[in-house]
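S.K.: The structure that follows is given in the form of structure tokens.
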Amino acid sequence: MDSRKKEIIAYFRNLDRSFFMDKHKELAGLDEAIPIGHQQTISQPSLVLEMTLALDLQPTSKVLEIGTGSGFQTALLAKFAASVYTVERIAELHNSAQKRLAEAGFANIHFKLDDGSFGWAEHAPYDRIMVTAAAAIIPQELIEQLKPGGKMLIPVGSSFLQDLQLVEKDEKGKLHKTVIDNVLFVPLKGKYE
Ligand code: SAM
């Protein structure tokens with residue numbers, strides 16, 4: 001395993017998940033998705049780690065994250081990339097994640113309260129895109145906002161089971177898709193639900 005992966009795993013092991021939870025803090029040590037209110041969840045830790053490693057973050061990466069949620073995944077992205085643009089549609093989650101991540105000292109995260117199924121065109125293109133809610137199909141807007149040479153992770157499928165797809169865009173703009181796991185995420189609300 002390369003040294004960067006080792007660094008990510010070490011940081012992940014020391015990250016206090018309960019810091020990202022306002023309720024059910026006593027459940028933070030379980031390897032399970034836990035409710036964070038508004039019918040949403042903080043993702044399963046092992047899956048957060050798997051997705052972070054699979055995204056192949058570089059110190060220069062500009063990352064778009066759709067579904068800020070608790071900010072747990074956002075913290076990992078921000079620690080190992082140059083900058084993160086994160087979009088959340090629920091105001092209370094957006095506000096509390098923003099407060100938490102500022103308190104944790106992150107200064108390279110940009111927050112937006114909006115429907116992220118359209119991405120965040122203003123700052124595109126992105127080297128990496130991480131979607132933490134499930135879409136029926138891959139949003140065309142996200143494909144367009146991914147840089148040639150870039151990578152996107154997105155759960156695609158029904159509300160009962162999804163393929164976690166790694167989408168790689170080559171330098172000619174051609175997409176290469178690989179299913180790396182089967183997962184169960186809450187739906188990406190909006191046009192691609
Ligand atoms: N990684 C996050 C965590 O561990 O806290 C995952 C949060 S949860 C599984 C998915 C999040 O996606 C929820 O906060 C939900 O509100 C958000 N979401 C769903 N559809 C969205 C959309 N169209 N735009 C932005 N956020 C969306």
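Ligands are numbered from 1 in the order shown, chains are lettered A, B, ... in the order of the structure tokens, and residues start at 1 in each chain.
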Compute the set of protein, DNA and RNA residues whose minimum atom distance to ligand 1 is at most 7 Å, using only C-alpha atoms and all ligand atoms, and state it as a ChimeraX atom specification.
M.R.: /A:40-43,66-74,87-90,93,114-117,132-133,185-190
S.K.: Those residues you just picked out, can you put them in a file as a PDB file, in the first residue's frame with C-alpha atoms?
M.R.:
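Everything below was put into part-v4.pdb:
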```
ATOM      1  CA  GLN A  40     -30.666  11.561   6.425  1.00  0.00           C
ATOM      2  CA  THR A  41     -27.676   9.631   7.757  1.00  0.00           C
ATOM      3  CA  ILE A  42     -24.002  10.004   8.513  1.00  0.00           C
ATOM      4  CA  SER A  43     -22.487   7.357   6.250  1.00  0.00           C
ATOM      5  CA  ILE A  66     -22.702  16.432  -3.437  1.00  0.00           C
ATOM      6  CA  GLY A  67     -24.436  15.775  -0.091  1.00  0.00           C
ATOM      7  CA  THR A  68     -22.495  17.493   2.702  1.00  0.00           C
ATOM      8  CA  GLY A  69     -24.662  15.827   5.352  1.00  0.00           C
ATOM      9  CA  SER A  70     -22.793  15.822   8.668  1.00  0.00           C
ATOM     10  CA  GLY A  71     -19.512  16.941   7.093  1.00  0.00           C
ATOM     11  CA  PHE A  72     -17.718  13.708   8.072  1.00  0.00           C
ATOM     12  CA  GLN A  73     -16.783  12.771   4.499  1.00  0.00           C
ATOM     13  CA  THR A  74     -16.103  16.447   3.713  1.00  0.00           C
ATOM     14  CA  VAL A  87     -23.408  21.184  -1.795  1.00  0.00           C
ATOM     15  CA  GLU A  88     -26.259  20.249   0.566  1.00  0.00           C
ATOM     16  CA  ARG A  89     -29.989  20.806   0.029  1.00  0.00           C
ATOM     17  CA  ILE A  90     -31.123  20.775   3.692  1.00  0.00           C
ATOM     18  CA  LEU A  93     -27.441  20.143   7.816  1.00  0.00           C
ATOM     19  CA  ASP A 114     -28.743  24.097  -3.137  1.00  0.00           C
ATOM     20  CA  ASP A 115     -29.885  21.140  -5.213  1.00  0.00           C
ATOM     21  CA  GLY A 116     -26.523  19.530  -5.990  1.00  0.00           C
ATOM     22  CA  SER A 117     -27.833  17.307  -8.769  1.00  0.00           C
ATOM     23  CA  THR A 132     -22.964  10.654  -1.342  1.00  0.00           C
ATOM     24  CA  ALA A 133     -26.617  10.163  -2.341  1.00  0.00           C
ATOM     25  CA  PHE A 185     -27.483   5.407   0.060  1.00  0.00           C
ATOM     26  CA  VAL A 186     -30.376   7.802   0.615  1.00  0.00           C
ATOM     27  CA  PRO A 187     -31.716   9.194  -2.685  1.00  0.00           C
ATOM     28  CA  LEU A 188     -30.241  12.168  -4.495  1.00  0.00           C
ATOM     29  CA  LYS A 189     -33.326  14.363  -4.456  1.00  0.00           C
ATOM     30  CA  GLY A 190     -34.438  16.292  -7.501  1.00  0.00           C
TER      31      GLY A 190
END
```
S.K.: In Å, how far is it from atom CA of A:Ser83 to atom CA of A:Ala54?
M.R.: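 Calculated distance between atom CA of A:Ser83 and atom CA of A:Ala54 is 17.7 Å.
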S.K.: When DSSP works through the backbone of this structure, what residues of stretch 10-171 of chain A end up as strand (DSSP E), shown as a ChimeraX atom specification?
M.R.: /A:34-37,40-42,62-66,83-88,109-113,126-131,146-157,162-169
S.K.: For the selection just defined, write its residues with N, CA and C atoms to a file, as a CSV table (one decimal), in the first residue's frame.
M.R.:
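That gives us selection-v7.csv:
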```csv
chain,number,residue,atom,x,y,z
A,34,ILE,N,-25.9,6.2,10.6
A,34,ILE,CA,-26.7,6.6,11.8
A,34,ILE,C,-27.5,7.8,11.4
A,35,PRO,N,-28.8,7.8,11.8
A,35,PRO,CA,-29.6,9.0,11.5
A,35,PRO,C,-29.0,10.3,12.1
A,36,ILE,N,-29.1,11.4,11.2
A,36,ILE,CA,-28.6,12.7,11.7
A,36,ILE,C,-29.8,13.7,11.6
A,37,GLY,N,-31.0,13.2,11.5
A,37,GLY,CA,-32.2,14.1,11.3
A,37,GLY,C,-32.6,14.3,9.9
A,40,GLN,N,-32.0,11.7,7.0
A,40,GLN,CA,-30.7,11.6,6.4
A,40,GLN,C,-29.8,10.8,7.4
A,41,THR,N,-28.6,10.4,6.9
A,41,THR,CA,-27.7,9.6,7.8
A,41,THR,C,-26.2,10.1,7.6
A,42,ILE,N,-25.5,9.9,8.6
A,42,ILE,CA,-24.0,10.0,8.5
A,42,ILE,C,-23.6,8.6,8.0
A,62,LYS,N,-9.1,19.6,-6.9
A,62,LYS,CA,-10.2,20.4,-6.6
A,62,LYS,C,-11.4,19.5,-6.6
A,63,VAL,N,-12.1,19.4,-5.5
A,63,VAL,CA,-13.1,18.3,-5.4
A,63,VAL,C,-14.5,18.9,-5.2
A,64,LEU,N,-15.5,18.3,-5.9
A,64,LEU,CA,-16.9,18.7,-5.7
A,64,LEU,C,-17.5,17.5,-5.0
A,65,GLU,N,-18.2,17.9,-3.9
A,65,GLU,CA,-18.9,16.8,-3.1
A,65,GLU,C,-20.4,17.2,-3.1
A,66,ILE,N,-21.3,16.2,-3.5
A,66,ILE,CA,-22.7,16.4,-3.4
A,66,ILE,C,-23.3,15.7,-2.3
A,83,SER,N,-8.8,21.7,-2.4
A,83,SER,CA,-10.1,22.5,-2.0
A,83,SER,C,-11.3,21.6,-2.3
A,84,VAL,N,-12.3,21.9,-1.5
A,84,VAL,CA,-13.6,21.1,-1.6
A,84,VAL,C,-14.7,22.1,-1.8
A,85,TYR,N,-15.6,21.8,-2.8
A,85,TYR,CA,-16.8,22.5,-3.0
A,85,TYR,C,-17.9,21.6,-2.6
A,86,THR,N,-18.7,21.9,-1.6
A,86,THR,CA,-19.7,20.9,-1.1
A,86,THR,C,-21.1,21.5,-1.1
A,87,VAL,N,-22.0,20.7,-1.6
A,87,VAL,CA,-23.4,21.2,-1.8
A,87,VAL,C,-24.4,20.3,-1.0
A,88,GLU,N,-25.3,21.0,-0.2
A,88,GLU,CA,-26.3,20.2,0.6
A,88,GLU,C,-27.6,21.0,0.4
A,109,ILE,N,-12.7,24.7,2.5
A,109,ILE,CA,-14.0,24.1,2.1
A,109,ILE,C,-15.0,25.3,1.7
A,110,HIS,N,-15.7,25.1,0.6
A,110,HIS,CA,-16.7,26.1,0.2
A,110,HIS,C,-18.0,25.4,0.2
A,111,PHE,N,-19.0,26.1,0.9
A,111,PHE,CA,-20.3,25.4,1.1
A,111,PHE,C,-21.4,26.1,0.3
A,112,LYS,N,-22.3,25.3,-0.2
A,112,LYS,CA,-23.5,25.9,-0.9
A,112,LYS,C,-24.7,25.1,-0.5
A,113,LEU,N,-25.8,25.9,-0.2
A,113,LEU,CA,-27.1,25.3,0.1
A,113,LEU,C,-27.9,25.3,-1.2
A,126,TYR,N,-13.9,20.1,-12.1
A,126,TYR,CA,-13.4,19.5,-10.9
A,126,TYR,C,-12.5,18.3,-11.3
A,127,ASP,N,-11.4,18.1,-10.5
A,127,ASP,CA,-10.6,16.9,-10.7
A,127,ASP,C,-11.2,15.7,-10.1
A,128,ARG,N,-12.0,15.9,-9.1
A,128,ARG,CA,-12.7,14.8,-8.4
A,128,ARG,C,-14.1,15.2,-8.1
A,129,ILE,N,-15.1,14.2,-8.2
A,129,ILE,CA,-16.5,14.5,-7.7
A,129,ILE,C,-16.9,13.3,-6.9
A,130,MET,N,-17.4,13.6,-5.7
A,130,MET,CA,-17.9,12.6,-4.8
A,130,MET,C,-19.4,12.8,-4.5
A,131,VAL,N,-20.2,11.8,-4.9
A,131,VAL,CA,-21.7,12.0,-4.7
A,131,VAL,C,-22.0,11.0,-3.5
A,146,LEU,N,-16.8,17.4,-14.7
A,146,LEU,CA,-15.6,16.6,-14.4
A,146,LEU,C,-14.6,16.9,-15.5
A,147,LYS,N,-13.4,17.2,-15.0
A,147,LYS,CA,-12.2,17.5,-15.8
A,147,LYS,C,-11.8,16.3,-16.6
A,148,PRO,N,-11.3,16.4,-17.9
A,148,PRO,CA,-10.7,15.3,-18.5
A,148,PRO,C,-9.5,14.8,-17.6
A,149,GLY,N,-9.4,13.5,-17.4
A,149,GLY,CA,-8.4,13.0,-16.5
A,149,GLY,C,-9.0,12.9,-15.1
A,150,GLY,N,-10.2,13.3,-14.9
A,150,GLY,CA,-10.8,13.3,-13.6
A,150,GLY,C,-11.6,12.0,-13.2
A,151,LYS,N,-11.9,12.0,-11.9
A,151,LYS,CA,-12.6,10.8,-11.4
A,151,LYS,C,-13.8,11.2,-10.6
A,152,MET,N,-14.9,10.4,-10.8
A,152,MET,CA,-16.1,10.6,-10.0
A,152,MET,C,-16.6,9.3,-9.3
A,153,LEU,N,-17.1,9.4,-8.1
A,153,LEU,CA,-17.7,8.3,-7.5
A,153,LEU,C,-19.1,8.6,-7.2
A,154,ILE,N,-20.0,7.7,-7.6
A,154,ILE,CA,-21.5,8.0,-7.5
A,154,ILE,C,-22.2,6.7,-7.4
A,155,PRO,N,-23.1,6.6,-6.4
A,155,PRO,CA,-24.0,5.4,-6.3
A,155,PRO,C,-25.2,5.6,-7.3
A,156,VAL,N,-25.3,4.6,-8.1
A,156,VAL,CA,-26.3,4.6,-9.2
A,156,VAL,C,-27.3,3.4,-9.1
A,157,GLY,N,-28.6,3.7,-9.0
A,157,GLY,CA,-29.5,2.6,-9.0
A,157,GLY,C,-30.8,2.9,-8.3
A,162,GLN,N,-27.8,0.0,-4.9
A,162,GLN,CA,-27.1,0.8,-5.9
A,162,GLN,C,-25.7,0.2,-6.2
A,163,ASP,N,-25.3,0.5,-7.5
A,163,ASP,CA,-23.9,0.2,-7.8
A,163,ASP,C,-23.1,1.4,-7.5
A,164,LEU,N,-22.0,1.3,-6.8
A,164,LEU,CA,-21.1,2.4,-6.5
A,164,LEU,C,-20.2,2.4,-7.7
A,165,GLN,N,-20.4,3.5,-8.6
A,165,GLN,CA,-19.6,3.5,-9.8
A,165,GLN,C,-18.4,4.5,-9.7
A,166,LEU,N,-17.3,4.0,-10.2
A,166,LEU,CA,-16.1,4.9,-10.4
A,166,LEU,C,-16.2,5.3,-11.8
A,167,VAL,N,-16.3,6.6,-12.1
A,167,VAL,CA,-16.4,7.1,-13.5
A,167,VAL,C,-15.1,7.8,-13.8
A,168,GLU,N,-14.4,7.4,-14.7
A,168,GLU,CA,-13.1,8.0,-15.1
A,168,GLU,C,-13.3,8.6,-16.4
A,169,LYS,N,-12.9,9.9,-16.5
A,169,LYS,CA,-13.0,10.6,-17.8
A,169,LYS,C,-11.6,10.7,-18.4
```
S.K.: From a backbone DSSP assignment, name each residue in stretch 54-167 of chain A labelled alpha helix (DSSP H), as a list in words.
M.R.: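 Across stretch 54-167 of chain A, those assigned alpha helix (DSSP H) are Ala54, Phe72, Gln73, Thr74, Ala75, Leu76, Leu77, Ala78, Lys79, Phe80, Ala91, Glu92, Leu93, His94, Asn95, Ser96, Ala97, Gln98, Lys99, Arg100, Leu101, Ala102, Glu103, Gln140, Glu141, Leu142, Ile143, Glu144 and Gln145 of chain A.
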S.K.: Okay, now the selection with N, CA and C atoms, as a PDB file, in the first residue's frame?
M.R.:
```
ATOM      1  N   ALA A  54     -10.778   5.224  -2.913  1.00  0.00           N
ATOM      2  CA  ALA A  54     -11.049   4.957  -4.332  1.00  0.00           C
ATOM      3  C   ALA A  54     -11.011   6.223  -5.179  1.00  0.00           C
ATOM      4  N   PHE A  72     -18.720  14.731   7.745  1.00  0.00           N
ATOM      5  CA  PHE A  72     -17.718  13.708   8.072  1.00  0.00           C
ATOM      6  C   PHE A  72     -16.852  13.376   6.842  1.00  0.00           C
ATOM      7  N   GLN A  73     -17.515  13.069   5.742  1.00  0.00           N
ATOM      8  CA  GLN A  73     -16.783  12.771   4.499  1.00  0.00           C
ATOM      9  C   GLN A  73     -16.050  14.022   3.990  1.00  0.00           C
ATOM     10  N   THR A  74     -16.695  15.176   4.168  1.00  0.00           N
ATOM     11  CA  THR A  74     -16.103  16.447   3.713  1.00  0.00           C
ATOM     12  C   THR A  74     -14.741  16.676   4.377  1.00  0.00           C
ATOM     13  N   ALA A  75     -14.656  16.355   5.670  1.00  0.00           N
ATOM     14  CA  ALA A  75     -13.412  16.556   6.416  1.00  0.00           C
ATOM     15  C   ALA A  75     -12.278  15.726   5.806  1.00  0.00           C
ATOM     16  N   LEU A  76     -12.579  14.493   5.472  1.00  0.00           N
ATOM     17  CA  LEU A  76     -11.553  13.620   4.873  1.00  0.00           C
ATOM     18  C   LEU A  76     -11.111  14.146   3.505  1.00  0.00           C
ATOM     19  N   LEU A  77     -12.082  14.591   2.713  1.00  0.00           N
ATOM     20  CA  LEU A  77     -11.756  15.137   1.394  1.00  0.00           C
ATOM     21  C   LEU A  77     -10.874  16.374   1.544  1.00  0.00           C
ATOM     22  N   ALA A  78     -11.274  17.251   2.461  1.00  0.00           N
ATOM     23  CA  ALA A  78     -10.564  18.529   2.620  1.00  0.00           C
ATOM     24  C   ALA A  78      -9.154  18.329   3.161  1.00  0.00           C
ATOM     25  N   LYS A  79      -8.982  17.296   3.963  1.00  0.00           N
ATOM     26  CA  LYS A  79      -7.657  17.030   4.529  1.00  0.00           C
ATOM     27  C   LYS A  79      -6.669  16.599   3.436  1.00  0.00           C
ATOM     28  N   PHE A  80      -7.168  15.888   2.416  1.00  0.00           N
ATOM     29  CA  PHE A  80      -6.246  15.277   1.439  1.00  0.00           C
ATOM     30  C   PHE A  80      -6.366  15.867   0.029  1.00  0.00           C
ATOM     31  N   ALA A  91     -31.084  22.956   4.770  1.00  0.00           N
ATOM     32  CA  ALA A  91     -30.430  24.115   5.404  1.00  0.00           C
ATOM     33  C   ALA A  91     -29.808  23.777   6.760  1.00  0.00           C
ATOM     34  N   GLU A  92     -30.526  23.034   7.590  1.00  0.00           N
ATOM     35  CA  GLU A  92     -30.015  22.743   8.946  1.00  0.00           C
ATOM     36  C   GLU A  92     -28.719  21.934   8.870  1.00  0.00           C
ATOM     37  N   LEU A  93     -28.657  20.963   7.943  1.00  0.00           N
ATOM     38  CA  LEU A  93     -27.441  20.143   7.816  1.00  0.00           C
ATOM     39  C   LEU A  93     -26.296  20.989   7.241  1.00  0.00           C
ATOM     40  N   HIS A  94     -26.609  21.779   6.249  1.00  0.00           N
ATOM     41  CA  HIS A  94     -25.624  22.691   5.634  1.00  0.00           C
ATOM     42  C   HIS A  94     -25.034  23.610   6.711  1.00  0.00           C
ATOM     43  N   ASN A  95     -25.903  24.205   7.546  1.00  0.00           N
ATOM     44  CA  ASN A  95     -25.426  25.155   8.567  1.00  0.00           C
ATOM     45  C   ASN A  95     -24.571  24.464   9.617  1.00  0.00           C
ATOM     46  N   SER A  96     -25.047  23.305  10.094  1.00  0.00           N
ATOM     47  CA  SER A  96     -24.287  22.678  11.185  1.00  0.00           C
ATOM     48  C   SER A  96     -22.961  22.109  10.684  1.00  0.00           C
ATOM     49  N   ALA A  97     -22.924  21.572   9.459  1.00  0.00           N
ATOM     50  CA  ALA A  97     -21.659  21.053   8.922  1.00  0.00           C
ATOM     51  C   ALA A  97     -20.661  22.204   8.733  1.00  0.00           C
ATOM     52  N   GLN A  98     -21.157  23.329   8.259  1.00  0.00           N
ATOM     53  CA  GLN A  98     -20.293  24.491   8.026  1.00  0.00           C
ATOM     54  C   GLN A  98     -19.664  24.959   9.341  1.00  0.00           C
ATOM     55  N   LYS A  99     -20.496  25.003  10.388  1.00  0.00           N
ATOM     56  CA  LYS A  99     -20.035  25.445  11.711  1.00  0.00           C
ATOM     57  C   LYS A  99     -18.980  24.477  12.258  1.00  0.00           C
ATOM     58  N   ARG A 100     -19.301  23.193  12.155  1.00  0.00           N
ATOM     59  CA  ARG A 100     -18.404  22.147  12.654  1.00  0.00           C
ATOM     60  C   ARG A 100     -17.040  22.170  11.971  1.00  0.00           C
ATOM     61  N   LEU A 101     -17.064  22.272  10.645  1.00  0.00           N
ATOM     62  CA  LEU A 101     -15.802  22.176   9.898  1.00  0.00           C
ATOM     63  C   LEU A 101     -14.957  23.438  10.080  1.00  0.00           C
ATOM     64  N   ALA A 102     -15.608  24.573  10.330  1.00  0.00           N
ATOM     65  CA  ALA A 102     -14.850  25.798  10.668  1.00  0.00           C
ATOM     66  C   ALA A 102     -14.217  25.609  12.045  1.00  0.00           C
ATOM     67  N   GLU A 103     -14.974  25.068  12.963  1.00  0.00           N
ATOM     68  CA  GLU A 103     -14.465  24.820  14.324  1.00  0.00           C
ATOM     69  C   GLU A 103     -13.277  23.848  14.287  1.00  0.00           C
ATOM     70  N   GLN A 140     -26.034  14.408 -16.033  1.00  0.00           N
ATOM     71  CA  GLN A 140     -25.241  14.930 -17.150  1.00  0.00           C
ATOM     72  C   GLN A 140     -24.413  16.142 -16.714  1.00  0.00           C
ATOM     73  N   GLU A 141     -24.994  16.959 -15.825  1.00  0.00           N
ATOM     74  CA  GLU A 141     -24.282  18.165 -15.355  1.00  0.00           C
ATOM     75  C   GLU A 141     -22.976  17.786 -14.658  1.00  0.00           C
ATOM     76  N   LEU A 142     -23.011  16.668 -13.904  1.00  0.00           N
ATOM     77  CA  LEU A 142     -21.803  16.256 -13.176  1.00  0.00           C
ATOM     78  C   LEU A 142     -20.750  15.734 -14.153  1.00  0.00           C
ATOM     79  N   ILE A 143     -21.212  15.006 -15.175  1.00  0.00           N
ATOM     80  CA  ILE A 143     -20.272  14.522 -16.200  1.00  0.00           C
ATOM     81  C   ILE A 143     -19.572  15.715 -16.866  1.00  0.00           C
ATOM     82  N   GLU A 144     -20.369  16.740 -17.168  1.00  0.00           N
ATOM     83  CA  GLU A 144     -19.807  17.921 -17.841  1.00  0.00           C
ATOM     84  C   GLU A 144     -18.837  18.683 -16.944  1.00  0.00           C
ATOM     85  N   GLN A 145     -19.089  18.646 -15.630  1.00  0.00           N
ATOM     86  CA  GLN A 145     -18.247  19.420 -14.705  1.00  0.00           C
ATOM     87  C   GLN A 145     -16.985  18.659 -14.264  1.00  0.00           C
TER      88      GLN A 145
END
```
S.K.: One decimal, in Å: what's the spacing between atom CA of A:Phe20 and atom CA of A:Leu55?
M.R.: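 Calculated distance between atom CA of A:Phe20 and atom CA of A:Leu55 is 21.7 Å.
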S.K.: Interatomic distance between atom CA of A:Ile180 and atom CA of A:Arg17?
M.R.: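 For atom CA of A:Ile180 relative to atom CA of A:Arg17, the distance reads 24.4 Å.
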S.K.: List the spatial neighbours of stretch 44-52 of chain A as a VMD selection string - criterion: any atom at most 7 Å away, only C-alpha atoms, same-chain residues fewer than 6 positions off excluded.
M.R.: chain A and resid 31 to 33 73
